[in-house]
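What follows is the content of model36.txt (compact mmCIF, C-alpha atoms).
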# COMPACT_ATOMS: atom_id res chain seq x y z
CA MET A 1 -96.08 41.41 -95.18
CA SER A 2 -93.80 38.67 -96.43
CA ASP A 3 -91.08 39.60 -98.87
CA TYR A 4 -91.51 37.18 -101.80
CA SER A 5 -88.34 38.48 -103.54
CA HIS A 6 -86.17 36.25 -101.34
CA PRO A 7 -86.11 32.49 -100.95
CA GLN A 8 -88.65 31.23 -98.42
CA PRO A 9 -88.01 28.91 -95.45
CA VAL A 10 -88.78 25.26 -96.06
CA SER A 11 -91.62 25.30 -93.50
CA ASP A 12 -93.39 28.13 -95.37
CA THR A 13 -92.90 26.30 -98.65
CA LEU A 14 -94.41 23.09 -97.28
CA LYS A 15 -97.37 25.03 -95.95
CA ARG A 16 -97.88 26.64 -99.35
CA GLN A 17 -97.67 23.23 -101.03
CA ARG A 18 -100.37 21.85 -98.74
CA ILE A 19 -102.59 24.81 -99.56
CA ILE A 20 -102.02 24.29 -103.27
CA ARG A 21 -102.91 20.58 -103.01
CA THR A 22 -106.07 21.46 -101.10
CA TRP A 23 -107.06 24.01 -103.73
CA ARG A 24 -106.43 21.49 -106.51
CA ALA A 25 -108.66 18.93 -104.81
CA LEU A 26 -111.36 21.54 -104.26
CA LEU A 27 -111.08 22.66 -107.87
CA TRP A 28 -111.50 19.09 -109.09
CA GLY A 29 -114.63 18.78 -106.95
CA LEU A 30 -116.05 22.01 -108.36
CA ASP A 31 -115.30 20.96 -111.95
CA HIS A 32 -116.94 17.58 -111.39
CA TRP A 33 -119.78 18.55 -109.06
CA VAL A 34 -122.42 16.91 -111.26
CA LEU A 35 -120.50 13.62 -111.17
CA ILE A 36 -120.20 13.79 -107.38
CA PHE A 37 -123.90 14.63 -107.06
CA SER A 38 -124.87 11.78 -109.39
CA ILE A 39 -122.85 9.22 -107.43
CA LEU A 40 -124.20 10.29 -104.03
CA PHE A 41 -127.75 10.72 -105.31
CA GLY A 42 -127.49 7.43 -107.15
CA VAL A 43 -126.62 5.65 -103.91
CA ALA A 44 -129.62 7.34 -102.26
CA ASN A 45 -131.81 6.01 -105.09
CA VAL A 46 -130.46 2.48 -104.89
CA LEU A 47 -130.72 1.92 -101.13
CA PRO A 48 -134.56 1.78 -101.07
CA VAL A 49 -134.36 -1.05 -103.60
CA VAL A 50 -131.64 -2.77 -101.59
CA ALA A 51 -133.99 -3.01 -98.59
CA PRO A 52 -136.32 -5.67 -100.12
CA VAL A 53 -133.29 -7.54 -101.44
CA LEU A 54 -131.87 -7.75 -97.92
CA MET A 55 -135.23 -8.87 -96.53
CA HIS A 56 -135.47 -11.54 -99.23
CA ILE A 57 -132.06 -13.06 -98.44
CA GLY A 58 -132.71 -12.99 -94.70
CA TRP A 59 -130.63 -9.97 -93.71
CA THR A 60 -133.61 -8.42 -91.99
CA GLY A 61 -131.63 -6.20 -89.59
CA PRO A 62 -129.92 -4.08 -92.27
CA GLY A 63 -133.09 -4.19 -94.36
CA ARG A 64 -135.27 -2.82 -91.57
CA LEU A 65 -132.66 -0.14 -90.88
CA ILE A 66 -133.04 1.16 -94.44
CA TYR A 67 -136.82 1.34 -94.03
CA VAL A 68 -136.34 3.35 -90.84
CA LEU A 69 -133.80 5.71 -92.43
CA TYR A 70 -136.09 6.47 -95.37
CA SER A 71 -139.34 6.67 -93.42
CA PRO A 72 -139.06 10.45 -92.71
CA MET A 73 -138.91 11.10 -96.47
CA CYS A 74 -141.89 8.97 -97.52
CA HIS A 75 -145.20 7.60 -96.25
CA GLN A 76 -144.10 4.07 -97.33
CA MET A 77 -147.72 2.87 -97.49
CA ALA A 78 -147.76 -0.63 -98.92
CA GLN A 79 -150.58 -0.10 -101.45
CA ARG A 80 -148.58 2.68 -103.13
CA SER A 81 -145.20 0.95 -103.12
CA PHE A 82 -143.46 -1.50 -105.41
CA PHE A 83 -142.83 -5.05 -104.19
CA LEU A 84 -139.93 -7.26 -105.21
CA PHE A 85 -139.74 -11.09 -105.16
CA GLY A 86 -143.53 -11.45 -104.95
CA GLN A 87 -146.46 -12.39 -107.13
CA GLN A 88 -146.95 -8.90 -108.63
CA PRO A 89 -145.21 -5.51 -108.56
CA MET A 90 -147.95 -3.72 -106.59
CA TYR A 91 -151.03 -4.66 -104.54
CA ASN A 92 -154.37 -3.01 -103.93
CA LEU A 93 -155.59 -2.59 -100.37
CA THR A 94 -157.91 -5.58 -100.74
CA GLU A 95 -154.99 -7.79 -101.76
CA LEU A 96 -152.92 -7.07 -98.66
CA PRO A 97 -153.22 -9.30 -95.55
CA LEU A 98 -154.32 -6.39 -93.38
CA SER A 99 -157.58 -5.63 -91.62
CA LEU A 100 -158.08 -1.89 -91.93
CA THR A 101 -159.96 -0.12 -89.17
CA GLY A 102 -161.52 2.72 -91.14
CA ASN A 103 -159.50 5.23 -89.13
CA THR A 104 -157.21 6.91 -91.65
CA ALA A 105 -154.31 7.64 -89.29
CA THR A 106 -154.37 4.12 -87.85
CA ASP A 107 -154.62 2.52 -91.28
CA MET A 108 -151.75 4.62 -92.61
CA THR A 109 -149.56 3.50 -89.72
CA MET A 110 -150.52 -0.11 -90.38
CA LEU A 111 -149.70 0.19 -94.07
CA ARG A 112 -146.38 1.91 -93.29
CA SER A 113 -145.43 -0.88 -90.91
CA PHE A 114 -146.22 -3.69 -93.35
CA LEU A 115 -142.92 -4.49 -95.09
CA GLY A 116 -144.09 -7.58 -96.96
CA SER A 117 -143.87 -11.34 -96.65
CA PRO A 118 -142.16 -14.26 -98.42
CA ALA A 119 -145.37 -14.85 -100.41
CA LEU A 120 -146.12 -11.24 -101.41
CA GLY A 121 -142.53 -10.08 -101.64
CA TRP A 122 -140.94 -7.10 -99.89
CA LYS A 123 -141.74 -3.48 -100.56
CA VAL A 124 -139.28 -0.88 -101.79
CA ALA A 125 -138.37 1.55 -99.00
CA TRP A 126 -140.21 4.45 -100.60
CA SER A 127 -143.37 4.82 -102.67
CA ASP A 128 -143.72 4.52 -106.42
CA ARG A 129 -144.01 8.32 -106.75
CA MET A 130 -140.69 8.76 -104.94
CA VAL A 131 -139.09 6.19 -107.23
CA TYR A 132 -140.28 8.15 -110.28
CA MET A 133 -139.50 11.56 -108.79
CA TYR A 134 -135.95 10.89 -107.60
CA GLY A 135 -135.20 8.59 -110.50
CA ALA A 136 -136.18 11.35 -112.92
CA ALA A 137 -134.00 13.85 -111.03
CA LEU A 138 -131.03 11.48 -111.24
CA LEU A 139 -131.46 10.88 -114.98
CA ALA A 140 -132.06 14.58 -115.64
CA GLY A 141 -128.87 15.43 -113.78
CA ILE A 142 -126.89 12.98 -115.91
CA ALA A 143 -128.48 14.43 -119.08
CA PHE A 144 -127.53 17.93 -117.89
CA ALA A 145 -123.90 16.83 -117.46
CA VAL A 146 -123.83 15.52 -121.05
CA LEU A 147 -125.60 18.52 -122.61
CA ARG A 148 -123.50 21.17 -120.86
CA GLN A 149 -120.38 19.71 -122.50
CA ARG A 150 -121.80 20.78 -125.85
CA ARG A 151 -123.45 24.10 -125.01
CA PRO A 152 -124.67 26.12 -122.04
CA VAL A 153 -128.00 24.87 -120.69
CA ARG A 154 -130.51 27.64 -120.08
CA PRO A 155 -132.50 27.37 -116.84
CA LEU A 156 -136.18 26.55 -117.05
CA GLY A 157 -138.50 29.54 -116.82
CA LEU A 158 -140.75 29.97 -113.81
CA LEU A 159 -143.96 29.49 -115.80
CA PRO A 160 -142.89 26.16 -117.38
CA PHE A 161 -141.60 25.10 -113.95
CA ALA A 162 -144.99 25.89 -112.40
CA LEU A 163 -146.69 23.86 -115.15
CA LEU A 164 -144.43 20.88 -114.44
CA LEU A 165 -145.26 21.14 -110.73
CA MET A 166 -149.00 21.31 -111.38
CA PRO A 167 -149.52 17.50 -111.74
CA ILE A 168 -147.91 16.67 -108.38
CA THR A 169 -149.71 19.57 -106.70
CA LEU A 170 -153.13 18.47 -107.97
CA ASP A 171 -152.54 14.77 -107.48
CA GLY A 172 -150.99 15.12 -104.04
CA ALA A 173 -153.60 17.57 -102.78
CA THR A 174 -156.56 15.52 -104.02
CA HIS A 175 -155.09 12.32 -102.56
CA LEU A 176 -154.63 14.06 -99.23
CA LEU A 177 -158.21 15.33 -99.21
CA SER A 178 -159.54 11.96 -100.30
CA ASP A 179 -157.57 9.97 -97.71
CA PHE A 180 -158.46 12.12 -94.72
CA ASN A 181 -162.05 12.98 -95.63
CA GLY A 182 -163.29 9.76 -97.20
CA GLY A 183 -160.76 7.24 -95.90
CA LEU A 184 -158.29 5.07 -97.75
CA VAL A 185 -160.96 2.78 -99.25
CA ALA A 186 -163.87 5.20 -99.60
CA GLY A 187 -162.33 8.47 -100.77
CA PHE A 188 -163.04 9.87 -104.20
CA ARG A 189 -159.45 9.18 -105.29
CA TYR A 190 -159.76 5.51 -104.35
CA HIS A 191 -162.74 4.58 -106.54
CA ASN A 192 -162.41 7.54 -108.99
CA GLN A 193 -166.11 7.40 -109.80
CA TRP A 194 -165.83 10.91 -111.25
CA LEU A 195 -163.39 9.59 -113.88
CA SER A 196 -165.55 6.56 -114.58
CA ASP A 197 -168.54 8.84 -115.23
CA LEU A 198 -166.43 11.19 -117.32
CA THR A 199 -165.20 8.38 -119.58
CA GLY A 200 -168.51 6.50 -119.68
CA ASN A 201 -166.93 3.59 -117.79
CA ALA A 202 -165.12 2.68 -120.99
CA LEU A 203 -162.08 1.21 -119.23
CA PRO A 204 -161.75 -1.84 -116.94
CA THR A 205 -162.72 -1.44 -113.29
CA TRP A 206 -159.15 -2.05 -112.12
CA PHE A 207 -158.06 1.09 -113.97
CA TYR A 208 -160.37 3.30 -111.91
CA VAL A 209 -160.26 1.66 -108.48
CA GLY A 210 -157.25 1.53 -106.19
CA ASP A 211 -153.56 2.24 -106.62
CA THR A 212 -152.14 -0.87 -108.23
CA PHE A 213 -149.65 -0.70 -111.09
CA GLY A 214 -151.33 0.43 -114.32
CA SER A 215 -154.30 2.10 -112.61
CA PHE A 216 -155.21 5.75 -113.09
CA ASN A 217 -153.72 6.64 -109.71
CA SER A 218 -150.54 4.82 -110.63
CA TRP A 219 -150.28 6.71 -113.92
CA MET A 220 -150.83 10.01 -112.14
CA ARG A 221 -148.00 9.29 -109.71
CA LEU A 222 -145.76 8.36 -112.63
CA ILE A 223 -146.52 11.54 -114.59
CA SER A 224 -146.36 13.85 -111.58
CA GLY A 225 -143.15 12.29 -110.26
CA LEU A 226 -141.34 12.51 -113.61
CA ALA A 227 -142.49 16.09 -114.18
CA PHE A 228 -141.41 17.18 -110.70
CA GLY A 229 -137.96 15.59 -110.92
CA LEU A 230 -137.30 16.99 -114.40
CA GLY A 231 -138.57 20.46 -113.49
CA CYS A 232 -136.45 20.78 -110.34
CA VAL A 233 -133.23 19.79 -112.09
CA TRP A 234 -133.89 21.90 -115.19
CA LEU A 235 -134.59 24.94 -113.02
CA ALA A 236 -131.84 24.57 -110.40
CA PHE A 237 -128.86 22.95 -112.11
CA PRO A 238 -128.03 25.76 -114.60
CA TYR A 239 -127.99 28.32 -111.76
CA VAL A 240 -125.93 26.05 -109.51
CA ASP A 241 -123.51 25.29 -112.35
CA HIS A 242 -123.06 29.00 -113.13
CA ALA A 243 -122.31 29.84 -109.48
CA ILE A 244 -119.89 26.93 -109.14
CA SER A 245 -118.16 27.85 -112.41
CA GLU A 246 -117.54 31.38 -111.14
CA THR A 247 -116.12 30.03 -107.88
CA ALA A 248 -113.93 27.58 -109.82
CA ALA A 249 -112.63 30.40 -112.04
CA GLU A 250 -111.64 32.47 -108.99
CA LEU A 251 -109.95 29.47 -107.40
CA ARG A 252 -108.14 28.68 -110.64
CA THR A 253 -106.77 32.23 -110.70
CA LYS A 254 -105.57 31.95 -107.09
CA LEU A 255 -103.99 28.59 -107.83
CA ALA A 256 -102.11 29.96 -110.84
CA ARG A 257 -100.84 32.90 -108.76
CA ALA A 258 -99.72 30.60 -105.96
CA GLN A 259 -97.88 28.33 -108.38
CA GLN A 260 -96.16 31.33 -109.96
CA LEU A 261 -94.99 32.54 -106.53
CA ARG A 262 -93.70 29.07 -105.82
CA LEU A 263 -91.53 29.20 -108.94
CA GLU A 264 -90.27 32.69 -108.21
CA ASN A 265 -89.45 31.91 -104.56
CA PRO A 266 -87.71 28.56 -104.19
CA PRO A 267 -87.34 27.15 -100.67
CA LEU A 268 -84.40 28.36 -98.59
CA ASP A 269 -81.85 25.59 -98.28
CA LYS A 270 -81.23 24.64 -94.64
CA GLY A 271 -77.50 24.63 -95.23
CA SER A 272 -77.52 28.28 -96.26
CA ALA A 273 -79.71 29.44 -93.36

Is it possible to express this structure as structure tokens?
Amino acid sequence: MSDYSHPQPVSDTLKRQRIIRTWRALLWGLDHWVLIFSILFGVANVLPVVAPVLMHIGWTGPGRLIYVLYSPMCHQMAQRSFFLFGQQPMYNLTELPLSLTGNTATDMTMLRSFLGSPALGWKVAWSDRMVYMYGAALLAGIAFAVLRQRRPVRPLGLLPFALLLMPITLDGATHLLSDFNGGLVAGFRYHNQWLSDLTGNALPTWFYVGDTFGSFNSWMRLISGLAFGLGCVWLAFPYVDHAISETAAELRTKLARAQQLRLENPPLDKGSA
């Protein structure tokens, strides 16, 4: 065991200084983890929107690369995606220049592959639900960072969390059943005849049929995406923050001890060695 009651060699002192600098950097990261998360997650939220911008200005190579990178995270079907630089923000299946086959898997692949056109605009690299879901998570994370400066934020209970997940569970499951059993243009979630009957057909046809912006399906993806993003952050962030705060406190104690030892044991001058 080293004897810290005597001056230490310069090499040991330099090593200790490097360790202290590393701990300080790590401590800063722990104290600002929400900021780091928000920046990285913000970039992840922006890139899908950058893809249609790149396509619009003719940088199709980088634009297509973003679509490929985000394709494992999202179905990217054109009728459930936002379009930029076109005539309208979203398009129904009948408004897209595609001839669907009636085979759900084939049609999904076709809709995934359609990125847009100069006339229709270019689609965002993930669906509208993903935009709402991850956008809500990003905003909720920023709100958490502001609120925790004033008071501790209690984690969301499991029952409220389950209630917030219910919209995306019901909407996603019914869409899946509708798409694979009835097809993309014949399933019960495409025409929503059940809702039309329930409301006495009181609303315009475009509200019931299809997925375009402002339709019932569009509203359901908005509500379910926002609820999911908010619920996940409200449940997870307080626990993560508590665990990181404990780790930061331990590191702060070690850092204070190391700095004290540094003061008590100055480096051994080479001339006196």

Handout entry: Radius query 12 Å about (-134.1, 6.6, -115.1), atoms used: all atoms listed in the file, as a list in words
Key =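 Here is the list of nearby residues: Gly42, Asn45, Val46, Val131, Tyr132, Met133, Tyr134, Gly135, Ala136, Ala137, Leu138, Leu139, Ala140, Gly141, Ile142, Ala143, Gly225, Leu226, Gly229 and Leu230 of chain A.
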
List as a tab-separated table (two decimals) with C-alpha atoms, in the frame of the given file the protein and nucleic acid residues near Pro160 in chain A, meaning an atom at most 12 Å away when only C-alpha atoms are counted, but skip any in the same chain fewer than 5 places from it.
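Saved as selection_15.tsv:
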chain	number	residue	atom	x	y	z
A	155	PRO	CA	-132.50	27.37	-116.84
A	165	LEU	CA	-145.26	21.14	-110.73
A	166	MET	CA	-149.00	21.31	-111.38
A	227	ALA	CA	-142.49	16.09	-114.18
A	228	PHE	CA	-141.41	17.18	-110.70
A	230	LEU	CA	-137.30	16.99	-114.40
A	231	GLY	CA	-138.57	20.46	-113.49
A	232	CYS	CA	-136.45	20.78	-110.34
A	234	TRP	CA	-133.89	21.90	-115.19
A	235	LEU	CA	-134.59	24.94	-113.02

Separating CA of Pro52 in chain A from CA of Lys123 in chain A, to the nearest tenth of an Å, is a gap of 5.9 Å

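Picture a line from CA of Arg112 in chain A to CA of Leu98 in chain A; it runs 11.5 Å.
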
Quick one: which range 7-58 of chain A residues come within 12 Å of range 75-87 of chain A, and what is the nearest atom pair for each with the distance in Å to one decimal, counting all atoms listed in the file, rows ordered by chain and ascending number, as a Markdown table?
| residue | atom | partner | partner_atom | distance |
| --- | --- | --- | --- | --- |
| A:Pro48 | CA | A:Phe82 | CA | 10.4 |
| A:Val49 | CA | A:Leu84 | CA | 8.5 |
| A:Val50 | CA | A:Leu84 | CA | 10.1 |
| A:Ala51 | CA | A:Leu84 | CA | 9.9 |
| A:Pro52 | CA | A:Leu84 | CA | 6.4 |
| A:Val53 | CA | A:Leu84 | CA | 7.6 |
| A:Leu54 | CA | A:Leu84 | CA | 10.9 |
| A:Met55 | CA | A:Phe85 | CA | 10.0 |
| A:His56 | CA | A:Phe85 | CA | 7.3 |
| A:Ile57 | CA | A:Phe85 | CA | 10.4 |

Between CA of Ala243 in chain A and CA of Gln17 in chain A, what is the distance, to one decimal in Å?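 Going from CA of Ala243 in chain A over to CA of Gln17 in chain A covers 26.9 Å.
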
| query | Quick one: of A:Arg21, A:Ser38, A:Leu115, A:Asn92, who's nearest to Leu65 in chain A, counting only C-alpha atoms? | reply |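 Closest residue, counting only C-alpha atoms: A:Leu115.
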
Counting all atoms listed in the file, which residues come within 12 Å of (-155.1, 0.6, -93.6), with the point read in the file's coordinates, and could you list them as a VMD selection string?
chain A and resid 77 to 80 92 to 114 179 183 to 186

Nearest-residue call for Ala44 in chain A, choices A:Met73, A:Met220, A:Ala25, A:Ala258, using only C-alpha atoms: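 Selected residue with least distance to Ala44 in chain A: A:Met73.
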
Complete range 14-30 of chain A at the level of N, CA and C atoms, written as a CSV table (one decimal), keeping the file's coordinate frame.
chain,number,residue,atom,x,y,z
A,14,LEU,N,-93.6,24.3,-97.5
A,14,LEU,CA,-94.4,23.1,-97.3
A,14,LEU,C,-95.9,23.5,-97.0
A,15,LYS,N,-96.0,24.6,-96.2
A,15,LYS,CA,-97.4,25.0,-96.0
A,15,LYS,C,-98.1,25.5,-97.2
A,16,ARG,N,-97.3,26.2,-98.1
A,16,ARG,CA,-97.9,26.6,-99.4
A,16,ARG,C,-98.2,25.5,-100.2
A,17,GLN,N,-97.4,24.4,-100.2
A,17,GLN,CA,-97.7,23.2,-101.0
A,17,GLN,C,-98.9,22.5,-100.6
A,18,ARG,N,-99.1,22.5,-99.3
A,18,ARG,CA,-100.4,21.8,-98.7
A,18,ARG,C,-101.6,22.7,-99.2
A,19,ILE,N,-101.5,24.0,-99.1
A,19,ILE,CA,-102.6,24.8,-99.6
A,19,ILE,C,-102.9,24.6,-101.0
A,20,ILE,N,-101.8,24.5,-101.8
A,20,ILE,CA,-102.0,24.3,-103.3
A,20,ILE,C,-102.7,22.9,-103.5
A,21,ARG,N,-102.3,21.9,-102.8
A,21,ARG,CA,-102.9,20.6,-103.0
A,21,ARG,C,-104.4,20.6,-102.6
A,22,THR,N,-104.7,21.3,-101.5
A,22,THR,CA,-106.1,21.5,-101.1
A,22,THR,C,-106.9,22.2,-102.1
A,23,TRP,N,-106.3,23.3,-102.7
A,23,TRP,CA,-107.1,24.0,-103.7
A,23,TRP,C,-107.3,23.2,-105.0
A,24,ARG,N,-106.3,22.4,-105.3
A,24,ARG,CA,-106.4,21.5,-106.5
A,24,ARG,C,-107.6,20.5,-106.3
A,25,ALA,N,-107.6,19.9,-105.1
A,25,ALA,CA,-108.7,18.9,-104.8
A,25,ALA,C,-110.0,19.6,-104.8
A,26,LEU,N,-110.1,20.8,-104.3
A,26,LEU,CA,-111.4,21.5,-104.3
A,26,LEU,C,-111.8,21.9,-105.7
A,27,LEU,N,-110.8,22.3,-106.5
A,27,LEU,CA,-111.1,22.7,-107.9
A,27,LEU,C,-111.6,21.5,-108.7
A,28,TRP,N,-111.0,20.3,-108.4
A,28,TRP,CA,-111.5,19.1,-109.1
A,28,TRP,C,-112.9,18.8,-108.7
A,29,GLY,N,-113.3,19.0,-107.4
A,29,GLY,CA,-114.6,18.8,-107.0
A,29,GLY,C,-115.6,19.8,-107.6
A,30,LEU,N,-115.2,21.0,-107.7
A,30,LEU,CA,-116.0,22.0,-108.4
A,30,LEU,C,-116.3,21.7,-109.8
